[in-house]
$ cat entry13.cif   # mmCIF, C-alpha atoms
data_start
loop_
_atom_site.label_atom_id
_atom_site.label_comp_id
_atom_site.auth_asym_id
_atom_site.auth_seq_id
_atom_site.Cartn_x
_atom_site.Cartn_y
_atom_site.Cartn_z
CA MET T 30 0.00 0.00 0.00
CA ASP T 31 2.82 2.44 0.86
CA GLU T 32 4.42 1.75 -2.52
CA PHE T 33 1.11 2.33 -4.27
CA LEU T 34 0.66 5.70 -2.56
CA SER T 35 4.25 6.86 -3.02
CA ALA T 36 5.05 5.84 -6.60
CA GLY T 37 5.07 8.87 -8.89
CA PHE T 38 4.11 6.93 -12.01
CA LEU T 39 1.02 5.64 -10.22
CA HIS T 40 0.01 9.17 -9.27
CA ARG T 41 0.27 10.23 -12.93
CA ALA T 42 -1.64 7.15 -14.06
CA PHE T 43 -4.38 7.86 -11.52
CA LEU T 44 -4.71 11.53 -12.52
CA ALA T 45 -4.69 10.77 -16.25
CA GLY T 46 -7.21 7.98 -15.74
CA VAL T 47 -9.64 10.13 -13.78
CA VAL T 48 -9.42 13.00 -16.29
CA VAL T 49 -9.80 10.82 -19.37
CA SER T 50 -12.51 8.52 -18.03
CA GLY T 51 -14.57 11.45 -16.73
CA LEU T 52 -14.43 13.10 -20.15
CA CYS T 53 -15.34 9.86 -21.92
CA GLY T 54 -18.24 9.39 -19.53
CA VAL T 55 -19.69 12.77 -20.49
CA LEU T 56 -19.38 12.26 -24.25
CA SER T 57 -20.55 8.65 -23.93
CA VAL T 58 -24.10 9.84 -23.23
CA PHE T 59 -24.23 11.66 -26.58
CA VAL T 60 -22.55 8.77 -28.41
CA VAL T 61 -25.22 6.38 -27.12
CA LEU T 62 -28.16 8.75 -27.69
CA ARG T 63 -27.02 9.57 -31.23
CA LYS T 64 -26.21 5.90 -31.97
CA MET T 65 -22.63 6.78 -32.92
CA ALA T 66 -20.94 3.68 -31.52
CA PHE T 67 -19.71 2.47 -34.91
CA ILE T 68 -18.48 5.97 -35.79
CA GLY T 69 -16.42 5.87 -32.60
CA VAL T 70 -14.89 2.59 -33.74
CA GLY T 71 -13.91 4.13 -37.07
CA ILE T 72 -12.36 7.20 -35.47
CA SER T 73 -10.48 5.26 -32.81
CA HIS T 74 -8.96 2.74 -35.20
CA SER T 75 -8.10 5.43 -37.73
CA ALA T 76 -5.71 6.84 -35.14
CA PHE T 77 -3.58 3.74 -35.74
CA GLY T 78 -2.43 5.12 -39.08
CA GLY T 79 -1.41 8.41 -37.51
CA VAL T 80 0.40 6.73 -34.61
CA ALA T 81 2.37 4.56 -37.03
CA LEU T 82 3.24 7.59 -39.16
CA GLY T 83 4.57 9.39 -36.10
CA LEU T 84 6.81 6.45 -35.25
CA VAL T 85 8.19 6.32 -38.79
CA MET T 86 8.88 10.06 -38.93
CA ALA T 87 10.26 10.24 -35.37
CA MET T 88 7.45 12.63 -34.45
CA SER T 89 5.07 12.52 -31.50
CA PRO T 90 2.56 9.70 -32.24
CA PHE T 91 0.10 11.56 -30.01
CA TRP T 92 -0.14 14.53 -32.38
CA THR T 93 0.05 12.59 -35.65
CA GLY T 94 -2.65 10.27 -34.33
CA LEU T 95 -4.72 13.32 -33.43
CA ALA T 96 -4.38 14.68 -36.97
CA PHE T 97 -5.41 11.35 -38.53
CA ALA T 98 -8.35 10.84 -36.19
CA SER T 99 -9.63 14.39 -36.75
CA MET T 100 -9.34 14.05 -40.52
CA VAL T 101 -11.24 10.76 -40.53
CA ALA T 102 -13.91 12.17 -38.19
CA LEU T 103 -14.52 15.04 -40.61
CA LEU T 104 -14.59 12.72 -43.63
CA ILE T 105 -17.10 10.41 -41.93
CA GLU T 106 -19.36 13.34 -41.09
CA TRP T 107 -18.98 14.73 -44.63
CA ALA T 108 -19.98 11.39 -46.13
CA ARG T 109 -22.90 11.20 -43.71
CA SER T 110 -24.08 14.75 -44.51
CA ALA T 111 -23.52 14.68 -48.25
CA GLY T 112 -25.08 11.27 -48.70
CA LYS T 113 -22.43 10.23 -51.20
CA VAL T 114 -22.26 6.74 -49.67
CA GLU T 115 -23.94 5.02 -46.76
CA GLU T 116 -22.50 5.98 -43.39
CA ASP T 117 -21.40 2.47 -42.43
CA THR T 118 -19.80 2.04 -45.85
CA ALA T 119 -17.79 5.25 -45.45
CA ILE T 120 -16.68 4.20 -41.96
CA GLY T 121 -15.62 0.78 -43.25
CA ILE T 122 -13.60 2.28 -46.11
CA LEU T 123 -11.83 4.87 -43.96
CA PHE T 124 -11.30 2.38 -41.14
CA SER T 125 -9.67 -0.11 -43.55
CA ALA T 126 -7.56 2.53 -45.29
CA SER T 127 -6.20 3.90 -42.01
CA MET T 128 -5.36 0.46 -40.67
CA ALA T 129 -3.68 -0.50 -43.95
CA LEU T 130 -1.59 2.68 -43.90
CA GLY T 131 -0.67 1.93 -40.30
CA VAL T 132 0.60 -1.53 -41.21
CA ILE T 133 2.63 -0.10 -44.10
CA PHE T 134 4.13 2.60 -41.90
CA LEU T 135 5.00 0.08 -39.21
CA HIS T 136 6.74 -2.07 -41.79
CA LEU T 137 8.96 0.93 -42.53
CA SER T 138 9.64 1.60 -38.85
CA ARG T 139 12.27 -0.15 -36.73
CA THR T 140 10.75 0.85 -33.40
CA TYR T 141 7.24 -0.57 -33.61
CA ASN T 142 8.04 -3.64 -31.52
CA VAL T 143 8.77 -1.36 -28.56
CA ASP T 144 6.18 1.37 -28.97
CA VAL T 145 3.11 0.18 -30.79
CA PHE T 146 1.80 -2.34 -28.26
CA GLY T 147 1.20 0.44 -25.73
CA PHE T 148 -0.80 2.49 -28.22
CA LEU T 149 -2.90 -0.51 -29.26
CA PHE T 150 -3.78 -1.77 -25.79
CA GLY T 151 -2.94 1.17 -23.51
CA ASN T 152 -0.02 1.76 -21.19
CA ILE T 153 -1.23 4.30 -18.68
CA LEU T 154 1.47 3.36 -16.16
CA ALA T 155 4.03 4.78 -18.61
CA VAL T 156 2.41 8.23 -18.78
CA GLY T 157 5.06 10.86 -18.08
CA LYS T 158 4.69 14.46 -17.00
CA GLU T 159 4.64 15.74 -20.58
CA GLN T 160 1.95 13.24 -21.60
CA LEU T 161 -0.10 14.10 -18.50
CA TRP T 162 -0.05 17.78 -19.47
CA GLU T 163 -1.05 16.94 -23.06
CA VAL T 164 -3.93 14.78 -21.90
CA SER T 165 -5.10 17.28 -19.28
CA LEU T 166 -5.05 20.31 -21.58
CA LEU T 167 -6.85 18.56 -24.42
CA ALA T 168 -9.40 17.08 -22.02
CA LEU T 169 -10.00 20.50 -20.48
CA GLY T 170 -10.56 22.04 -23.89
CA VAL T 171 -13.05 19.34 -24.88
CA ALA T 172 -14.85 19.60 -21.54
CA VAL T 173 -15.22 23.39 -21.82
CA CYS T 174 -16.58 23.13 -25.36
CA THR T 175 -19.01 20.40 -24.34
CA ILE T 176 -20.29 22.41 -21.37
CA CYS T 177 -20.75 25.54 -23.50
CA LEU T 178 -22.72 23.62 -26.15
CA PHE T 179 -24.41 21.14 -23.82
CA LYS T 180 -27.99 22.26 -24.54
CA GLU T 181 -27.35 22.29 -28.28
CA PHE T 182 -25.87 18.78 -28.21
CA VAL T 183 -28.85 17.55 -26.19
CA PHE T 184 -31.28 19.06 -28.69
CA LEU T 185 -29.33 17.53 -31.58
CA SER T 186 -29.31 14.10 -29.90
CA PHE T 187 -33.05 13.92 -29.26
CA ASP T 188 -34.56 15.63 -32.32
CA GLU T 189 -32.25 16.69 -35.14
CA ALA T 190 -35.13 17.66 -37.41
CA MET T 191 -36.53 20.04 -34.79
CA ALA T 192 -33.04 21.45 -34.27
CA TRP T 193 -32.98 22.37 -37.97
CA VAL T 194 -36.40 24.01 -37.72
CA SER T 195 -35.34 25.92 -34.58
CA GLY T 196 -32.45 27.50 -36.45
CA LEU T 197 -29.57 25.71 -34.73
CA PRO T 198 -26.39 25.37 -36.83
CA VAL T 199 -26.85 21.60 -37.10
CA THR T 200 -24.14 21.03 -39.70
CA PHE T 201 -21.57 22.92 -37.62
CA LEU T 202 -22.62 21.09 -34.44
CA ARG T 203 -22.29 17.69 -36.10
CA TYR T 204 -18.83 18.45 -37.45
CA PHE T 205 -17.74 20.03 -34.19
CA PHE T 206 -18.94 17.08 -32.13
CA SER T 207 -17.02 14.74 -34.43
CA ILE T 208 -13.85 16.73 -33.74
CA LEU T 209 -14.49 16.59 -29.98
CA LEU T 210 -14.97 12.85 -30.32
CA ALA T 211 -11.66 12.52 -32.17
CA LEU T 212 -9.84 14.52 -29.48
CA THR T 213 -11.38 12.33 -26.78
CA VAL T 214 -10.31 9.18 -28.60
CA ILE T 215 -6.72 10.39 -28.72
CA VAL T 216 -6.49 11.27 -25.04
CA SER T 217 -8.06 7.90 -24.22
CA ILE T 218 -5.38 5.94 -26.05
CA TYR T 219 -3.00 6.28 -23.11
CA LEU T 220 -5.64 4.78 -20.82
CA VAL T 221 -7.03 1.78 -22.69
CA GLY T 222 -5.40 1.89 -26.13
CA ILE T 223 -6.79 2.09 -29.66
CA VAL T 224 -8.38 -1.37 -29.54
CA LEU T 225 -10.35 -0.84 -26.32
CA VAL T 226 -11.11 2.90 -26.40
CA GLU T 227 -14.57 2.28 -27.85
CA ALA T 228 -15.60 0.72 -24.54
CA LEU T 229 -15.07 4.01 -22.70
CA LEU T 230 -17.16 5.85 -25.27
CA VAL T 231 -20.13 3.47 -25.15
CA ILE T 232 -20.43 1.48 -21.91
CA PRO T 233 -20.72 4.39 -19.40
CA GLY T 234 -23.51 5.94 -21.45
CA ALA T 235 -25.24 2.57 -21.78
CA ILE T 236 -25.05 2.08 -18.00
CA SER T 237 -26.45 5.54 -17.34
CA ARG T 238 -29.46 4.84 -19.60
CA ASN T 239 -30.35 1.95 -17.32
CA LEU T 240 -29.99 4.01 -14.17
CA ALA T 241 -31.32 7.47 -15.08
CA ARG T 242 -33.83 9.16 -17.38
CA GLU T 243 -33.11 12.89 -17.14
CA ILE T 244 -30.22 13.95 -19.37
CA LYS T 245 -28.18 15.84 -16.78
CA ARG T 246 -28.47 12.97 -14.34
CA MET T 247 -27.48 10.55 -17.10
CA THR T 248 -24.37 12.60 -17.77
CA LEU T 249 -23.42 12.71 -14.10
CA VAL T 250 -24.00 8.96 -13.69
CA SER T 251 -22.04 8.16 -16.84
CA ALA T 252 -19.02 10.25 -15.81
CA SER T 253 -19.11 8.85 -12.25
CA VAL T 254 -19.31 5.27 -13.48
CA ALA T 255 -16.39 5.78 -15.86
CA VAL T 256 -14.20 7.32 -13.15
CA ALA T 257 -15.13 4.65 -10.60
CA ALA T 258 -14.36 1.85 -13.07
CA THR T 259 -10.99 3.41 -13.83
CA VAL T 260 -10.03 3.76 -10.16
CA VAL T 261 -11.15 0.21 -9.35
CA GLY T 262 -9.52 -1.14 -12.51
CA LEU T 263 -6.19 0.53 -11.76
CA GLY T 264 -6.22 -0.86 -8.23
CA ILE T 265 -7.02 -4.40 -9.39
CA SER T 266 -4.44 -4.30 -12.17
CA TYR T 267 -1.74 -3.10 -9.77
CA TRP T 268 -2.35 -5.73 -7.11
CA LEU T 269 -2.90 -8.63 -9.54
CA ASP T 270 -0.30 -7.49 -12.09
CA LEU T 271 -2.77 -7.34 -14.97
CA PRO T 272 -3.02 -4.95 -17.99
CA PRO T 273 -4.76 -1.78 -16.67
CA GLY T 274 -6.72 -0.98 -19.83
CA ALA T 275 -8.22 -4.44 -20.15
CA VAL T 276 -9.13 -4.56 -16.45
CA ILE T 277 -10.86 -1.16 -16.64
CA VAL T 278 -12.94 -2.34 -19.60
CA ALA T 279 -13.77 -5.59 -17.78
CA VAL T 280 -14.97 -3.61 -14.75
CA LEU T 281 -17.15 -1.45 -17.02
CA CYS T 282 -18.66 -4.53 -18.67
CA GLY T 283 -19.45 -5.98 -15.25
CA GLY T 284 -21.08 -2.69 -14.27
CA PHE T 285 -23.22 -2.73 -17.41
CA PHE T 286 -24.59 -6.21 -16.71
CA LEU T 287 -25.37 -5.26 -13.11
CA ALA T 288 -27.14 -2.08 -14.25
CA ALA T 289 -29.09 -4.04 -16.88
CA LEU T 290 -30.22 -6.56 -14.25
CA ARG T 291 -31.25 -3.75 -11.91
CA ALA T 292 -33.26 -2.06 -14.68
CA ARG T 293 -34.95 -5.36 -15.57
CA LYS T 294 -35.96 -5.97 -11.96
CA ALA T 295 -37.30 -2.42 -11.71
CA ARG T 296 -39.47 -2.94 -14.81
CA MET T 297 -40.83 -6.23 -13.48
CA SER T 298 -41.68 -4.86 -10.04
#
$ encode --input "entry13.cif" --output "structure tokens"
Amino acid sequence: MDEFLSAGFLHRAFLAGVVVSGLCGVLSVFVVLRKMAFIGVGISHSAFGGVALGLVMAMSPFWTGLAFASMVALLIEWARSAGKVEEDTAIGILFSASMALGVIFLHLSRTYNVDVFGFLFGNILAVGKEQLWEVSLLALGVAVCTICLFKEFVFLSFDEAMAWVSGLPVTFLRYFFSILLALTVIVSIYLVGIVLVEALLVIPGAISRNLAREIKRMTLVSASVAVAATVVGLGISYWLDLPPGAVIVAVLCGGFFLAALRARKARMS
């Protein structure tokens, strides 16, 4: 216990985990309400191409991944808005192209054996001071934007047609939310990795739908559940020497099944 409380890398992991999971919990409500789970998958896996490019060019994979994820998020929303192709088709094409580029870039890199595993599956215990600042600043920016546009995002999530009629800038809001989603995906990579980040963007919101009905309460429940799962997951992974990202996701999945059972019992009573 003394080692757990005194280790600096654990303090950074804890802070980064709380910041990232809380942010994911907030956006998760909108992802679930707008049925954007598959879009989240496309954006998260598209970051793989950017991460691999950063490793090849000896640049920060964090920022190259951010650029790739943002570009793909905008392209998905453009395809969705313009109606050029079906949304799931566009996501599948961009998802496949980004992953293929990532594999090609990794083939050209000599450092992927050391670095890429952490980006794929998360390595929050390796978060340094610089990474903690990057994560915190980006998360703060996304949180501020989400708070400022909270009512607009709620309106968009429940009735997009009425939002158009009411004069809201729906196109801007959709593109802007996609960018916020891309930023959240990137900051989450340190916590659970590219492969598992989708869980943080879907499961907390799904849990909150079983436990709350009012949107603000759903958001609070979702953020609280995500933070609690991260804290519990980090503790379990430390004491049992297990991968933190996978344990956090496992805790979230367990929480979802418990919430679903509770909701079922409430409906039957």
$ resolve_selection --input "entry13.cif" --expression "the PyMOL selection byres ((chain T and resi 278) around 9)" --output "PyMOL selection string"
chain T and resi 221+225-226+228-229+232+258-259+262+273-277+279-283
$ closest_residue --input "entry13.cif" --among "T:Ala98, T:Ile215, T:Leu62, T:Leu44" --to "Gly157 (chain T)" --atoms "only C-alpha atoms"
T:Leu44
$ residues_around --input "entry13.cif" --residues "region 286-296 of chain T" --least-positions-apart "4" --cutoff "7 Å" --atoms "only C-alpha atoms" --output "PDB file with C-alpha atoms, keeping the file's coordinate frame"
ATOM      1  CA  ILE T 236     -25.050   2.080 -18.000  1.00  0.00           C
ATOM      2  CA  ASN T 239     -30.350   1.950 -17.320  1.00  0.00           C
ATOM      3  CA  LEU T 240     -29.990   4.010 -14.170  1.00  0.00           C
ATOM      4  CA  CYS T 282     -18.660  -4.530 -18.670  1.00  0.00           C
TER       5      CYS T 282
END
$ atom_distance --input "entry13.cif" --atom1 "CA of Arg109 (chain T)" --atom2 "CA of Phe148 (chain T)"
28.4 Å
$ closest_atom_pairs --input "entry13.cif" --of "region 47-81 of chain T" --to "region 159-173 of chain T" --cutoff "10 Å" --atoms "all atoms listed in the file" --output "CSV"
residue,atom,partner,partner_atom,distance
T:Val48,CA,T:Ser165,CA,6.8
T:Val49,CA,T:Ala168,CA,6.8
T:Ser50,CA,T:Ala168,CA,9.9
T:Gly51,CA,T:Ala168,CA,9.3
T:Leu52,CA,T:Ala172,CA,6.7
T:Cys53,CA,T:Ala168,CA,9.3
T:Val55,CA,T:Ala172,CA,8.4
T:Leu56,CA,T:Ala172,CA,9.0
$ resolve_selection --input "entry13.cif" --expression "the PyMOL selection byres ((chain T and resi 220) around 7)" --output "VMD selection string"
chain T and resid 46 151 to 153 217 to 219 221 to 222 274
$ residues_around --input "entry13.cif" --residues "Met86 (chain T)" --least-positions-apart "4" --cutoff "9 Å" --atoms "all atoms listed in the file" --output "JSON, numbers by chain"
{"T": [81, 82, 138]}
$ atom_distance --input "entry13.cif" --atom1 "CA of Tyr267 (chain T)" --atom2 "CA of Ala76 (chain T)"
27.5 Å
$ resolve_selection --input "entry13.cif" --expression "the PyMOL selection byres ((chain T and resi 101) around 8)" --output "PyMOL selection string"
chain T and resi 71-72+75+97-100+102-105+123
$ residues_around --input "entry13.cif" --residues "region 193-204 of chain T" --least-positions-apart "6" --cutoff "9 Å" --atoms "all atoms listed in the file" --output "list in words"
Ala102, Leu103, Glu106, Trp107, Ser110, Leu178, Glu181, Phe182 and Leu185 of chain T
$ write_last_selection --input "entry13.cif" --atoms "C-alpha atoms" --output "compact mmCIF listing (two decimals), keeping the file's coordinate frame"
# COMPACT_ATOMS: atom_id res chain seq x y z
CA ALA T 102 -13.91 12.17 -38.19
CA LEU T 103 -14.52 15.04 -40.61
CA GLU T 106 -19.36 13.34 -41.09
CA TRP T 107 -18.98 14.73 -44.63
CA SER T 110 -24.08 14.75 -44.51
CA LEU T 178 -22.72 23.62 -26.15
CA GLU T 181 -27.35 22.29 -28.28
CA PHE T 182 -25.87 18.78 -28.21
CA LEU T 185 -29.33 17.53 -31.58
$ closest_residue --input "entry13.cif" --among "T:Phe285, T:Phe43, T:Phe134, T:Phe59" --to "Val254 (chain T)" --atoms "all atoms listed in the file"
T:Phe285
$ atom_distance --input "entry13.cif" --atom1 "CA of Ser186 (chain T)" --atom2 "CA of Arg63 (chain T)"
5.2 Å
$ closest_residue --input "entry13.cif" --among "T:Ala241, T:Met88, T:Ala155, T:Ile176" --to "Arg41 (chain T)" --atoms "all atoms listed in the file"
T:Ala155
$ residues_around --input "entry13.cif" --residues "His74 (chain T)" --least-positions-apart "4" --cutoff "9 Å" --atoms "all atoms listed in the file" --output "PyMOL selection string"
chain T and resi 69-70+78+98+124-125+127-128+223-224
$ residues_around --input "entry13.cif" --residues "Ser237 (chain T)" --least-positions-apart "5" --cutoff "8 Å" --atoms "only C-alpha atoms" --output "VMD selection string"
chain T and resid 58 247 to 248 250 to 251
$ decode --input "entry13.cif" --residues "region 261-274 of chain T" --atoms "N, CA and C atoms" --output "PDB file, in the first residue's frame"
ATOM      1  N   VAL T 261     -11.104   1.616  -9.766  1.00  0.00           N
ATOM      2  CA  VAL T 261     -11.149   0.210  -9.353  1.00  0.00           C
ATOM      3  C   VAL T 261     -10.254  -0.638 -10.257  1.00  0.00           C
ATOM      4  N   GLY T 262     -10.329  -0.375 -11.560  1.00  0.00           N
ATOM      5  CA  GLY T 262      -9.519  -1.140 -12.505  1.00  0.00           C
ATOM      6  C   GLY T 262      -8.029  -0.955 -12.295  1.00  0.00           C
ATOM      7  N   LEU T 263      -7.601   0.275 -12.025  1.00  0.00           N
ATOM      8  CA  LEU T 263      -6.186   0.528 -11.761  1.00  0.00           C
ATOM      9  C   LEU T 263      -5.729  -0.197 -10.499  1.00  0.00           C
ATOM     10  N   GLY T 264      -6.572  -0.167  -9.464  1.00  0.00           N
ATOM     11  CA  GLY T 264      -6.216  -0.858  -8.229  1.00  0.00           C
ATOM     12  C   GLY T 264      -6.086  -2.360  -8.430  1.00  0.00           C
ATOM     13  N   ILE T 265      -7.060  -2.954  -9.138  1.00  0.00           N
ATOM     14  CA  ILE T 265      -7.020  -4.396  -9.386  1.00  0.00           C
ATOM     15  C   ILE T 265      -5.811  -4.769 -10.236  1.00  0.00           C
ATOM     16  N   SER T 266      -5.564  -3.982 -11.283  1.00  0.00           N
ATOM     17  CA  SER T 266      -4.441  -4.298 -12.173  1.00  0.00           C
ATOM     18  C   SER T 266      -3.106  -4.194 -11.453  1.00  0.00           C
ATOM     19  N   TYR T 267      -2.998  -3.256 -10.501  1.00  0.00           N
ATOM     20  CA  TYR T 267      -1.738  -3.104  -9.765  1.00  0.00           C
ATOM     21  C   TYR T 267      -1.509  -4.289  -8.828  1.00  0.00           C
ATOM     22  N   TRP T 268      -2.537  -4.661  -8.103  1.00  0.00           N
ATOM     23  CA  TRP T 268      -2.354  -5.728  -7.107  1.00  0.00           C
ATOM     24  C   TRP T 268      -2.283  -7.119  -7.725  1.00  0.00           C
ATOM     25  N   LEU T 269      -2.920  -7.313  -8.891  1.00  0.00           N
ATOM     26  CA  LEU T 269      -2.898  -8.625  -9.538  1.00  0.00           C
ATOM     27  C   LEU T 269      -1.948  -8.685 -10.724  1.00  0.00           C
ATOM     28  N   ASP T 270      -1.261  -7.560 -10.988  1.00  0.00           N
ATOM     29  CA  ASP T 270      -0.298  -7.486 -12.089  1.00  0.00           C
ATOM     30  C   ASP T 270      -0.954  -7.859 -13.422  1.00  0.00           C
ATOM     31  N   LEU T 271      -2.032  -7.129 -13.741  1.00  0.00           N
ATOM     32  CA  LEU T 271      -2.774  -7.337 -14.975  1.00  0.00           C
ATOM     33  C   LEU T 271      -2.739  -6.058 -15.817  1.00  0.00           C
ATOM     34  N   PRO T 272      -3.001  -6.148 -17.129  1.00  0.00           N
ATOM     35  CA  PRO T 272      -3.018  -4.950 -17.986  1.00  0.00           C
ATOM     36  C   PRO T 272      -4.112  -3.974 -17.544  1.00  0.00           C
ATOM     37  N   PRO T 273      -3.768  -2.736 -17.205  1.00  0.00           N
ATOM     38  CA  PRO T 273      -4.765  -1.783 -16.674  1.00  0.00           C
ATOM     39  C   PRO T 273      -5.932  -1.527 -17.610  1.00  0.00           C
ATOM     40  N   GLY T 274      -5.645  -1.290 -18.892  1.00  0.00           N
ATOM     41  CA  GLY T 274      -6.718  -0.976 -19.832  1.00  0.00           C
ATOM     42  C   GLY T 274      -7.752  -2.073 -19.931  1.00  0.00           C
TER      43      GLY T 274
END
